[in-house]
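File shown: my_file.tsv (TSV, C-alpha atoms).
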chain	number	residue	atom	x	y	z
A	411	MET	CA	44.34	-41.13	-67.04
A	412	LYS	CA	41.38	-42.24	-69.11
A	413	SER	CA	42.07	-45.89	-68.39
A	414	LEU	CA	42.29	-45.15	-64.64
A	415	THR	CA	38.89	-43.39	-64.69
A	416	ALA	CA	37.35	-46.26	-66.65
A	417	SER	CA	38.75	-48.78	-64.17
A	418	LEU	CA	37.39	-46.78	-61.22
A	419	ILE	CA	33.93	-46.64	-62.83
A	420	LYS	CA	34.01	-50.39	-63.48
A	421	ILE	CA	35.08	-51.14	-59.91
A	422	THR	CA	32.35	-48.87	-58.54
A	423	LEU	CA	29.71	-50.52	-60.71
A	424	VAL	CA	30.81	-54.01	-59.72
A	425	GLY	CA	30.84	-52.95	-56.07
A	426	LEU	CA	27.33	-51.52	-56.31
A	427	LEU	CA	26.11	-54.69	-58.02
A	428	LEU	CA	27.66	-56.90	-55.35
A	429	ALA	CA	26.22	-54.73	-52.59
A	430	ALA	CA	22.77	-54.86	-54.14
A	431	THR	CA	22.99	-58.65	-54.54
A	432	ALA	CA	24.21	-59.10	-50.99
A	433	GLY	CA	21.47	-56.82	-49.65
A	434	ALA	CA	18.80	-58.79	-51.45
A	435	GLN	CA	20.02	-62.20	-50.32
A	436	ASP	CA	21.44	-61.69	-46.87
A	437	ALA	CA	18.28	-62.86	-45.11
A	438	ARG	CA	18.66	-66.27	-46.74
A	439	ILE	CA	20.27	-69.02	-44.69
A	440	GLN	CA	22.28	-71.68	-46.49
A	441	MET	CA	21.22	-75.17	-45.42
A	442	SER	CA	22.74	-77.30	-48.15
A	443	GLN	CA	25.29	-78.84	-45.75
A	444	LEU	CA	22.42	-80.49	-43.89
A	445	ASP	CA	21.34	-82.42	-46.98
A	446	ARG	CA	23.70	-85.22	-45.96
A	447	PHE	CA	21.09	-86.19	-43.32
A	448	ASN	CA	18.56	-87.03	-46.03
A	449	ASP	CA	19.55	-90.70	-45.89
A	450	MET	CA	20.54	-90.82	-42.23
A	451	ALA	CA	17.42	-89.34	-40.68
A	452	ASP	CA	14.31	-91.32	-39.87
A	453	LYS	CA	12.11	-88.59	-41.24
A	454	VAL	CA	12.99	-85.68	-43.48
A	455	ILE	CA	10.82	-82.67	-44.13
A	456	SER	CA	12.14	-80.19	-46.65
A	457	VAL	CA	10.12	-77.31	-48.02
A	458	ASP	CA	11.36	-74.60	-50.38
A	459	VAL	CA	8.89	-71.85	-51.15
A	460	SER	CA	10.06	-69.12	-53.51
A	461	GLU	CA	8.54	-65.66	-53.96
A	462	SER	CA	6.85	-66.62	-57.23
A	463	LEU	CA	5.21	-69.57	-55.50
A	464	ILE	CA	3.99	-67.32	-52.70
A	465	ARG	CA	2.42	-64.97	-55.26
A	466	LEU	CA	0.79	-67.96	-56.93
A	467	ALA	CA	-0.51	-69.18	-53.58
A	468	MET	CA	-1.93	-65.75	-52.84
A	469	SER	CA	-4.02	-65.97	-55.99
A	470	ALA	CA	-5.77	-68.99	-54.46
A	471	LEU	CA	-6.53	-67.16	-51.21
A	472	SER	CA	-9.52	-64.90	-50.81
A	473	ASP	CA	-9.93	-62.03	-48.36
A	474	LYS	CA	-13.65	-62.67	-48.17
A	475	ARG	CA	-13.93	-66.43	-47.91
A	476	THR	CA	-12.88	-66.91	-44.28
A	477	PRO	CA	-11.22	-64.63	-41.70
A	478	ASN	CA	-8.25	-67.03	-41.49
A	479	GLU	CA	-7.63	-66.81	-45.21
A	480	ALA	CA	-7.57	-63.04	-44.98
A	481	LYS	CA	-4.98	-63.27	-42.18
A	482	ILE	CA	-2.86	-65.77	-44.10
A	483	LYS	CA	-2.97	-63.59	-47.20
A	484	ASP	CA	-1.90	-60.63	-45.09
A	485	ILE	CA	1.04	-62.61	-43.71
A	486	LEU	CA	2.06	-63.82	-47.15
A	487	SER	CA	1.89	-60.36	-48.71
A	488	GLY	CA	5.30	-59.39	-47.30
A	489	LEU	CA	7.09	-62.71	-47.72
A	490	LYS	CA	9.74	-63.46	-50.32
A	491	GLY	CA	10.52	-67.03	-49.38
A	492	VAL	CA	10.10	-69.75	-46.75
A	493	TYR	CA	12.68	-72.52	-46.43
A	494	VAL	CA	12.32	-75.36	-43.96
A	495	LYS	CA	14.40	-78.41	-43.17
A	496	ARG	CA	13.58	-80.84	-40.40
A	497	PHE	CA	15.37	-84.09	-39.70
A	498	GLU	CA	14.13	-86.58	-37.12
A	499	PHE	CA	16.48	-89.29	-35.87
A	500	ASP	CA	15.91	-92.55	-34.02
A	501	LYS	CA	18.74	-91.90	-31.56
A	502	GLU	CA	20.53	-88.99	-29.98
A	503	GLY	CA	23.82	-87.65	-31.26
A	504	ALA	CA	23.04	-88.20	-34.93
A	505	TYR	CA	24.15	-84.70	-35.81
A	506	SER	CA	27.29	-82.98	-34.60
A	507	VAL	CA	28.02	-79.64	-32.98
A	508	ALA	CA	29.64	-78.62	-36.26
A	509	ASP	CA	26.31	-79.02	-38.05
A	510	VAL	CA	24.61	-76.74	-35.54
A	511	ASP	CA	27.49	-74.29	-35.65
A	512	TYR	CA	27.23	-74.17	-39.44
A	513	ILE	CA	23.78	-72.63	-39.09
A	514	ARG	CA	24.60	-70.66	-35.95
A	515	ALA	CA	27.59	-69.01	-37.65
A	516	GLN	CA	25.22	-67.60	-40.24
A	517	PHE	CA	22.92	-66.36	-37.47
A	518	ASN	CA	25.91	-64.48	-36.07
A	519	GLY	CA	26.51	-62.82	-39.42
A	520	PRO	CA	25.92	-59.12	-40.08
A	521	GLY	CA	22.34	-57.91	-39.91
A	522	TRP	CA	20.94	-60.70	-37.75
A	523	GLU	CA	19.67	-59.84	-34.31
A	524	HIS	CA	19.25	-62.53	-31.66
A	525	ILE	CA	15.71	-62.66	-30.31
A	526	ALA	CA	15.87	-65.83	-28.22
A	527	ASN	CA	18.54	-68.33	-27.25
A	528	VAL	CA	17.75	-71.35	-25.14
A	529	ARG	CA	20.38	-73.88	-24.12
A	530	SER	CA	19.09	-76.92	-22.29
A	531	LYS	CA	20.76	-80.30	-21.99
A	532	ARG	CA	17.39	-82.03	-21.73
A	533	GLU	CA	15.33	-80.02	-24.22
A	534	GLY	CA	18.06	-79.03	-26.64
A	535	SER	CA	19.08	-75.64	-27.94
A	536	TYR	CA	16.95	-73.07	-29.72
A	537	ASP	CA	17.96	-69.92	-31.54
A	538	VAL	CA	15.66	-67.29	-33.00
A	539	VAL	CA	17.15	-64.46	-35.02
A	540	MET	CA	15.59	-61.67	-37.00
A	541	MET	CA	16.91	-59.23	-39.53
A	542	TYR	CA	15.54	-55.71	-39.60
A	543	GLU	CA	15.69	-52.83	-41.98
A	544	GLY	CA	14.64	-49.95	-39.78
A	545	SER	CA	11.47	-51.18	-38.14
A	546	ILE	CA	10.67	-53.56	-40.98
A	547	VAL	CA	11.53	-57.24	-40.64
A	548	LYS	CA	13.60	-58.55	-43.52
A	549	GLY	CA	14.04	-62.10	-42.36
A	550	LEU	CA	13.58	-64.70	-39.64
A	551	GLY	CA	15.78	-67.64	-38.75
A	552	VAL	CA	14.95	-70.40	-36.30
A	553	LEU	CA	17.23	-73.25	-35.29
A	554	ALA	CA	15.84	-75.98	-33.08
A	555	ALA	CA	18.53	-78.50	-32.20
A	556	GLU	CA	16.67	-81.09	-30.15
A	557	PRO	CA	18.24	-84.38	-29.00
A	558	ARG	CA	16.56	-86.38	-31.76
A	559	ALA	CA	15.60	-83.71	-34.25
A	560	LEU	CA	17.18	-80.82	-36.05
A	561	THR	CA	14.98	-78.10	-37.52
A	562	VAL	CA	16.00	-74.99	-39.43
A	563	VAL	CA	13.40	-72.46	-40.56
A	564	ASN	CA	14.28	-69.45	-42.68
A	565	VAL	CA	11.66	-66.87	-43.63
A	566	VAL	CA	12.78	-64.19	-46.06
A	567	GLY	CA	10.76	-60.99	-46.19
A	568	ALA	CA	8.52	-59.10	-43.82
A	569	ILE	CA	6.76	-61.42	-41.40
A	570	ASP	CA	4.48	-60.43	-38.57
A	571	LEU	CA	4.93	-63.01	-35.83
A	572	ALA	CA	1.93	-61.70	-33.90
A	573	LYS	CA	-0.31	-62.44	-36.87
A	574	LEU	CA	1.28	-65.84	-37.30
A	575	ARG	CA	0.66	-66.59	-33.63
A	576	ASP	CA	-2.95	-65.37	-33.93
A	577	LEU	CA	-3.65	-68.17	-36.36
A	578	GLU	CA	-2.83	-70.70	-33.59
A	579	GLY	CA	-2.04	-73.37	-36.16
A	580	ASN	CA	-5.36	-72.94	-38.00
A	581	PHE	CA	-3.94	-73.02	-41.48
A	582	GLY	CA	-6.46	-75.49	-42.84
A	583	ILE	CA	-3.80	-77.63	-44.43
A	584	PRO	CA	-4.99	-80.93	-45.83
A	585	LYS	CA	-3.42	-83.95	-44.16
A	586	PHE	CA	-2.62	-85.67	-47.44
A	587	GLY	CA	-1.04	-84.99	-50.77
A	588	LEU	CA	1.89	-82.88	-49.58
A	589	GLU	CA	4.38	-85.56	-50.49
A	590	GLN	CA	3.38	-85.29	-54.13
A	591	MET	CA	4.11	-81.57	-54.37
A	592	PRO	CA	7.28	-80.45	-56.11
A	593	GLY	CA	9.63	-78.78	-53.66
A	594	VAL	CA	8.19	-80.56	-50.63
A	595	THR	CA	9.99	-83.61	-49.32
A	596	VAL	CA	8.37	-85.61	-46.57
A	597	GLN	CA	10.49	-88.71	-46.45
A	598	ASP	CA	9.81	-91.32	-43.82
A	599	ASN	CA	12.78	-93.67	-43.71
A	600	ARG	CA	11.28	-95.61	-40.82
A	601	LYS	CA	9.16	-97.60	-43.28
A	602	ASP	CA	12.27	-99.44	-44.38
A	603	LYS	CA	13.39	-100.33	-40.88
A	604	PRO	CA	12.42	-103.37	-38.73
A	605	THR	CA	9.23	-103.10	-36.74
A	606	HIS	CA	10.90	-103.17	-33.30
A	607	ASP	CA	12.03	-99.59	-33.96
A	608	ASP	CA	8.41	-98.51	-34.12
A	609	THR	CA	7.98	-99.21	-30.41
A	610	LYS	CA	10.63	-96.59	-29.59
A	611	LYS	CA	9.39	-93.51	-31.32
A	612	PRO	CA	11.15	-90.25	-30.54
A	613	GLN	CA	9.58	-88.19	-27.81
A	614	ASP	CA	9.55	-85.02	-29.85
A	615	GLU	CA	7.52	-86.72	-32.59
A	616	GLN	CA	4.93	-87.94	-30.14
A	617	LYS	CA	4.42	-84.55	-28.62
A	618	LYS	CA	4.33	-82.77	-31.98
A	619	PRO	CA	2.36	-84.62	-34.60
A	620	ARG	CA	2.51	-83.09	-38.06
B	855	MET	CA	-60.00	-75.73	-155.43
B	856	SER	CA	-60.50	-72.57	-153.56
B	857	ARG	CA	-58.11	-69.72	-153.47
B	858	LEU	CA	-57.37	-70.43	-149.79
B	859	ASP	CA	-56.17	-73.91	-150.64
B	860	ASP	CA	-53.83	-72.49	-153.21
B	861	GLU	CA	-52.39	-70.03	-150.78
B	862	LEU	CA	-51.83	-72.76	-148.18
B	863	LYS	CA	-50.07	-74.96	-150.74
B	864	VAL	CA	-47.80	-72.09	-151.63
B	865	ALA	CA	-47.17	-71.34	-147.96
B	866	PHE	CA	-46.33	-74.93	-147.01
B	867	GLN	CA	-44.36	-75.91	-150.07
B	868	ARG	CA	-40.80	-76.94	-149.36
B	869	ARG	CA	-38.10	-74.47	-150.20
B	870	GLU	CA	-34.46	-75.44	-150.08
B	871	PRO	CA	-32.14	-72.95	-148.34
B	872	SER	CA	-29.43	-71.30	-150.29
B	873	ALA	CA	-26.14	-73.14	-150.59
B	874	ASP	CA	-24.23	-70.80	-148.23
B	875	PHE	CA	-26.97	-70.76	-145.51
B	876	ALA	CA	-25.16	-73.09	-143.10
B	877	ALA	CA	-21.87	-71.28	-143.53
B	878	ARG	CA	-23.48	-67.89	-142.83
B	879	VAL	CA	-25.19	-69.18	-139.66
B	880	LEU	CA	-21.97	-70.63	-138.32
B	881	ALA	CA	-20.11	-67.41	-139.11
B	882	ARG	CA	-22.69	-65.34	-137.20
B	883	LEU	CA	-22.42	-67.66	-134.22
B	884	ASP	CA	-18.69	-67.20	-134.09
B	885	GLU	CA	-18.99	-63.41	-134.32
B	886	ALA	CA	-21.39	-62.84	-131.36
B	887	PRO	CA	-21.04	-65.07	-128.27
B	888	LEU	CA	-24.22	-66.11	-126.63
B	889	LYS	CA	-25.21	-63.79	-123.76
B	890	LEU	CA	-27.60	-65.19	-121.19
B	891	ALA	CA	-29.50	-62.91	-118.77
B	892	PRO	CA	-28.69	-63.60	-115.08
B	893	PRO	CA	-31.43	-65.48	-113.29
B	894	SER	CA	-33.69	-63.36	-111.12
B	895	LEU	CA	-33.95	-63.72	-107.34
B	896	TRP	CA	-37.28	-65.50	-107.66
B	897	GLN	CA	-35.77	-67.80	-110.22
B	898	ARG	CA	-32.91	-68.67	-107.93
B	899	LEU	CA	-35.28	-69.24	-104.99
B	900	ALA	CA	-37.40	-71.48	-107.10
B	901	ASP	CA	-34.30	-73.39	-108.22
B	902	TRP	CA	-33.25	-73.88	-104.58
B	903	PHE	CA	-36.59	-75.38	-103.67
B	904	ALA	CA	-36.28	-77.64	-106.63
B	905	VAL	CA	-33.37	-79.54	-104.92
B	906	PRO	CA	-33.84	-83.17	-104.06
B	907	ALA	CA	-35.39	-84.19	-100.69
B	908	TRP	CA	-32.15	-85.54	-99.21
B	909	ARG	CA	-30.69	-82.03	-99.18
B	910	PHE	CA	-33.61	-80.86	-97.01
B	911	ALA	CA	-32.98	-83.79	-94.67
B	912	ALA	CA	-29.27	-82.92	-94.35
B	913	ALA	CA	-30.00	-79.25	-93.64
B	914	GLY	CA	-32.54	-80.21	-90.99
B	915	ALA	CA	-30.10	-82.60	-89.30
B	916	MET	CA	-27.41	-79.88	-89.24
B	917	ALA	CA	-29.82	-77.38	-87.65
B	918	LEU	CA	-30.84	-79.93	-85.01
B	919	LEU	CA	-27.20	-80.70	-84.25
B	920	LEU	CA	-26.43	-77.00	-83.77
B	921	VAL	CA	-29.37	-76.62	-81.38
B	922	VAL	CA	-28.25	-79.63	-79.32
B	923	ILE	CA	-24.62	-78.38	-79.13
B	924	GLY	CA	-25.79	-74.93	-78.07
B	925	PHE	CA	-27.94	-76.41	-75.33
B	926	VAL	CA	-25.12	-78.59	-73.98
B	927	VAL	CA	-22.67	-75.68	-73.95
B	928	MET	CA	-25.18	-73.46	-72.17
B	929	ARG	CA	-25.79	-76.10	-69.49
B	930	ALA	CA	-22.06	-76.61	-68.94
B	931	GLN	CA	-21.49	-72.86	-68.65
B	932	ARG	CA	-24.26	-72.47	-66.09
B	933	ALA	CA	-22.97	-75.42	-64.08
B	934	THR	CA	-19.45	-73.91	-64.01
B	935	ASN	CA	-20.75	-70.54	-62.87
B	936	PHE	CA	-22.77	-72.24	-60.19
B	937	GLU	CA	-19.80	-74.23	-58.86
B	938	GLN	CA	-17.74	-71.06	-58.60
B	939	ALA	CA	-20.47	-69.14	-56.89
B	940	THR	CA	-21.84	-71.68	-54.43
B	941	PRO	CA	-19.01	-71.79	-51.83
B	942	ALA	CA	-18.97	-68.05	-51.46
B	943	VAL	CA	-22.76	-67.85	-51.36
B	944	ILE	CA	-22.88	-70.42	-48.60
B	945	ALA	CA	-19.95	-68.89	-46.76
B	946	THR	CA	-21.50	-65.46	-46.78
B	947	THR	CA	-25.12	-66.41	-46.17
B	948	GLY	CA	-24.91	-69.63	-44.19
B	949	ASN	CA	-27.57	-71.12	-46.45
B	950	THR	CA	-27.12	-74.48	-48.05
B	951	PRO	CA	-29.78	-74.44	-50.74
B	952	SER	CA	-30.40	-77.57	-52.71
B	953	VAL	CA	-31.43	-75.50	-55.72
B	954	LEU	CA	-30.25	-71.99	-56.51
B	955	ASP	CA	-31.81	-69.48	-58.84
B	956	ASP	CA	-30.42	-71.06	-61.95
B	957	GLY	CA	-32.00	-74.38	-61.11
B	958	VAL	CA	-28.80	-76.40	-60.78
B	959	LYS	CA	-28.93	-78.82	-57.86
B	960	VAL	CA	-26.30	-78.96	-55.10
B	961	PRO	CA	-25.62	-82.27	-53.44
B	962	LEU	CA	-26.36	-81.66	-49.78
B	963	ASN	CA	-23.60	-83.99	-48.59
B	964	SER	CA	-20.91	-82.13	-50.54
B	965	ALA	CA	-18.08	-80.28	-48.82
B	966	VAL	CA	-19.60	-77.04	-49.99
B	967	ALA	CA	-22.94	-77.79	-48.42
B	968	GLN	CA	-21.27	-78.73	-45.14
B	969	SER	CA	-19.59	-75.37	-44.69
B	970	GLY	CA	-20.45	-73.59	-41.49
B	971	PRO	CA	-22.74	-70.56	-41.42
B	972	VAL	CA	-21.24	-67.07	-41.56
B	973	ARG	CA	-23.11	-63.85	-40.89
B	974	THR	CA	-24.22	-62.00	-43.98
B	975	GLY	CA	-24.28	-58.27	-44.38
B	976	GLY	CA	-27.95	-58.28	-45.33
B	977	ARG	CA	-27.35	-58.90	-49.01
B	978	SER	CA	-29.36	-61.50	-50.83
B	979	PRO	CA	-27.67	-64.73	-51.88
B	980	ILE	CA	-28.54	-64.00	-55.48
B	981	HIS	CA	-26.53	-60.77	-55.31
B	982	HIS	CA	-23.59	-62.64	-53.82
B	983	HIS	CA	-23.98	-65.33	-56.43
B	984	ALA	CA	-23.80	-62.81	-59.22
B	985	ALA	CA	-20.88	-61.00	-57.59
B	986	VAL	CA	-18.70	-64.01	-56.95
B	987	ALA	CA	-19.53	-65.80	-60.17
B	988	LYS	CA	-17.28	-63.32	-61.93
B	989	ALA	CA	-14.28	-64.23	-59.75
B	990	PRO	CA	-11.94	-66.62	-61.60
B	991	LYS	CA	-11.53	-70.07	-60.10
B	992	PRO	CA	-7.98	-70.59	-58.79
B	993	SER	CA	-5.99	-73.02	-60.85
B	994	ALA	CA	-4.81	-76.37	-59.58
B	995	GLU	CA	-1.26	-75.00	-59.51
B	996	ALA	CA	-2.35	-72.12	-57.31
B	997	GLU	CA	-4.14	-74.48	-54.94
B	998	ALA	CA	-1.05	-76.69	-54.73
B	999	ALA	CA	1.14	-73.65	-54.12
B	1000	LYS	CA	-1.24	-72.50	-51.38
B	1001	GLU	CA	-1.04	-75.86	-49.62
B	1002	LYS	CA	2.74	-75.88	-49.86
B	1003	VAL	CA	3.06	-72.36	-48.48
B	1004	LEU	CA	0.63	-73.14	-45.67
B	1005	PHE	CA	2.60	-76.28	-44.85
B	1006	ALA	CA	5.78	-74.22	-44.58
B	1007	LEU	CA	4.02	-71.66	-42.39
B	1008	GLN	CA	2.62	-74.43	-40.22
B	1009	ILE	CA	6.11	-75.80	-39.56
B	1010	THR	CA	7.38	-72.28	-38.88
B	1011	SER	CA	4.57	-71.72	-36.42
B	1012	ASP	CA	5.12	-75.10	-34.75
B	1013	THR	CA	8.86	-74.48	-34.41
B	1014	LEU	CA	8.28	-71.05	-32.89
B	1015	ASN	CA	5.80	-72.60	-30.46
B	1016	GLU	CA	8.46	-75.14	-29.49
B	1017	VAL	CA	10.90	-72.32	-28.79
B	1018	GLN	CA	8.21	-70.65	-26.69
B	1019	ARG	CA	7.69	-73.87	-24.74
B	1020	ALA	CA	11.42	-74.26	-24.22
B	1021	ILE	CA	11.70	-70.69	-22.95
B	1022	SER	CA	8.78	-71.33	-20.58
B	1023	ALA	CA	10.37	-74.53	-19.32
B	1024	ASP	CA	13.71	-72.79	-18.82
B	1025	ARG	CA	12.31	-69.99	-16.69
B	1026	PRO	CA	11.66	-70.24	-12.95
B	1027	THR	CA	8.09	-71.22	-12.09
B	1028	GLY	CA	5.66	-68.33	-11.78
B	1029	GLU	CA	7.50	-66.09	-14.20
B	1030	LYS	CA	5.48	-65.44	-17.35
B	1031	PRO	CA	7.50	-65.63	-20.58
B	1032	GLU	CA	7.51	-62.87	-23.16
B	1033	PRO	CA	6.17	-64.10	-26.47
B	1034	VAL	CA	8.56	-64.21	-29.40
B	1035	GLN	CA	7.44	-61.31	-31.54
B	1036	ASN	CA	8.48	-58.39	-33.68
B	1037	ARG	CA	10.03	-55.22	-32.36
Whole structure, structure tokens version:
Amino acid sequence: MKSLTASLIKITLVGLLLAATAGAQDARIQMSQLDRFNDMADKVISVDVSESLIRLAMSALSDKRTPNEAKIKDILSGLKGVYVKRFEFDKEGAYSVADVDYIRAQFNGPGWEHIANVRSKREGSYDVVMMYEGSIVKGLGVLAAEPRALTVVNVVGAIDLAKLRDLEGNFGIPKFGLEQMPGVTVQDNRKDKPTHDDTKKPQDEQKKPR
Amino acid sequence: MSRLDDELKVAFQRREPSADFAARVLARLDEAPLKLAPPSLWQRLADWFAVPAWRFAAAGAMALLLVVIGFVVMRAQRATNFEQATPAVIATTGNTPSVLDDGVKVPLNSAVAQSGPVRTGGRSPIHHHAAVAKAPKPSAEAEAAKEKVLFALQITSDTLNEVQRAISADRPTGEKPEPVQNR
């Protein structure tokens, strides 16, 4: 009888631990399968921002210096992580439906709520999902599967999209030096290719300079 | 001869000490060790001034060195405080002074001096200077982290804008799209 009670207590504890772990991590999207495009893609952008890094970044932001900094600090205050992967290809069909479905299957997992789905043969397909806990956002997932580019964005933590939109891209990010940062990969494979490829740049890159 | 001469002769005549005189003196010396009185403060002061001239020269050089080091450290400290304070002073007052109250010059072509004017709440720049000088300067790691986080947010924002554009393009003309936002 004693051994049965002890086993039940152990099982309950393990269950609670697993539930707590799952609850803390379920807003995180796994993107490791996409790493195989690192060598195939013309351009790779990969950014992993952990919670500790966000806290460190907040120490460099001031509420009083500029209004934008105050807004950015407000946005960051609820975040626990930002994970971005973007692959740009020189031709269409570089990634398969299975790659997109790998991400989309996670978007269909428990807790995620679909905010926007766009399916267009010309433009590509876009998915926006959010995870809520009551009225509080716990996570955001964005998948942009364009003909020549594949982008996955995963924000973990409370994010206010209205505040993000208010910034209108005014983040004041320097145009240089990002490649040298640990955790940021901006890899341009086009440098190694013949020059005739440069005349046929992807449309999505031309319309969206970074 | 006078009587005085006789007395002097008696007084100055040589007398040999007793045979055990030397032994007795040595025995007394062994019995009582010599005790010297400690030198007085004035004596010690006088002894110190009696040192050779090169010691004065060394002490003077040491004092001069300490003064120079103190001056350099003070200048460096004031320059650091000024660098921390200037961006916030300019941001809050809109002034780009070439010289602030501590007399350290600001290059007018610097990024700090080129900041745009921002309305002040009526406080003097000196007050702001003193207030913000206490704020610690963010470390290089924090600045790098800030840039990285902002880069990630920029991509997030750009991607969401792309989704917005795609939704707009997908809708019939004339229909205004709902922005992607929180509940």
* Which of A:Leu486, A:Val510, A:Leu560, A:Leu466 sits closest to chain B [using all atoms listed in the file] -> A:Leu466
* Would you give me, as a PyMOL selection string, the residues of chain A that come within 7 Å of chain B, using all atoms listed in the file? => chain A and resi 457+459+463-464+466-470+475+492+494+528+533+536+563+570-572+574+579+581+583
* In Å, how far is it from atom CA of A:Ala508 to atom CA of A:Leu444? -> 10.7 Å
With 5 Å on each side, where is the centre of the axis-aligned box around all listed atoms of stretch 507-512 of chain A, and how long are its edges in Å to one decimal, as lines of an AutoDock Vina configuration file?
center_x = 27.1
center_y = -76.9
center_z = -36.2
size_x = 15.0
size_y = 15.5
size_z = 16.5
* Do you have the atom CA of A:His524-atom CA of A:Pro557 distance handy? ->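 So the two atoms, atom CA of A:His524 and atom CA of A:Pro557, lie 22.0 Å apart.
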* **Sphere at (7.6, -64.1, -40.7), radius 7 Å, counting all atoms listed in the file: residues as a list in words** =>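 Neighbouring residues, ordered by chain and number, come to Gly549, Leu550, Val565, Ala568, Ile569, Asp570 and Leu571 of chain A.
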Dump as a JSON list (two decimals), keeping the file's coordinate frame, selection limited to C-alpha atoms:
[["chain", "number", "residue", "atom", "x", "y", "z"],
["A", 549, "GLY", "CA", 14.04, -62.10, -42.36],
["A", 550, "LEU", "CA", 13.58, -64.70, -39.64],
["A", 565, "VAL", "CA", 11.66, -66.87, -43.63],
["A", 568, "ALA", "CA", 8.52, -59.10, -43.82],
["A", 569, "ILE", "CA", 6.76, -61.42, -41.40],
["A", 570, "ASP", "CA", 4.48, -60.43, -38.57],
["A", 571, "LEU", "CA", 4.93, -63.01, -35.83]]
* Which value, in Å to one decimal, gives the distance between atom CA of A:Lys490 and atom CA of A:Asp598? ->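 These two atoms are separated by 28.6 Å.
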* Quick one: everything within 7 Å of A:Asn564, counting only C-alpha atoms, minus sequence neighbours fewer than 2 positions away in the same chain. Send it as a list in words. => Arg438, Ile439, Val492, Tyr493, Val494, Leu550, Gly551, Val552, Val562 and Val566 of chain A
Can you write just those residues out, C-alpha atoms, as a compact mmCIF listing (two decimals), keeping the file's coordinate frame?
# COMPACT_ATOMS: atom_id res chain seq x y z
CA ARG A 438 18.66 -66.27 -46.74
CA ILE A 439 20.27 -69.02 -44.69
CA VAL A 492 10.10 -69.75 -46.75
CA TYR A 493 12.68 -72.52 -46.43
CA VAL A 494 12.32 -75.36 -43.96
CA LEU A 550 13.58 -64.70 -39.64
CA GLY A 551 15.78 -67.64 -38.75
CA VAL A 552 14.95 -70.40 -36.30
CA VAL A 562 16.00 -74.99 -39.43
CA VAL A 566 12.78 -64.19 -46.06
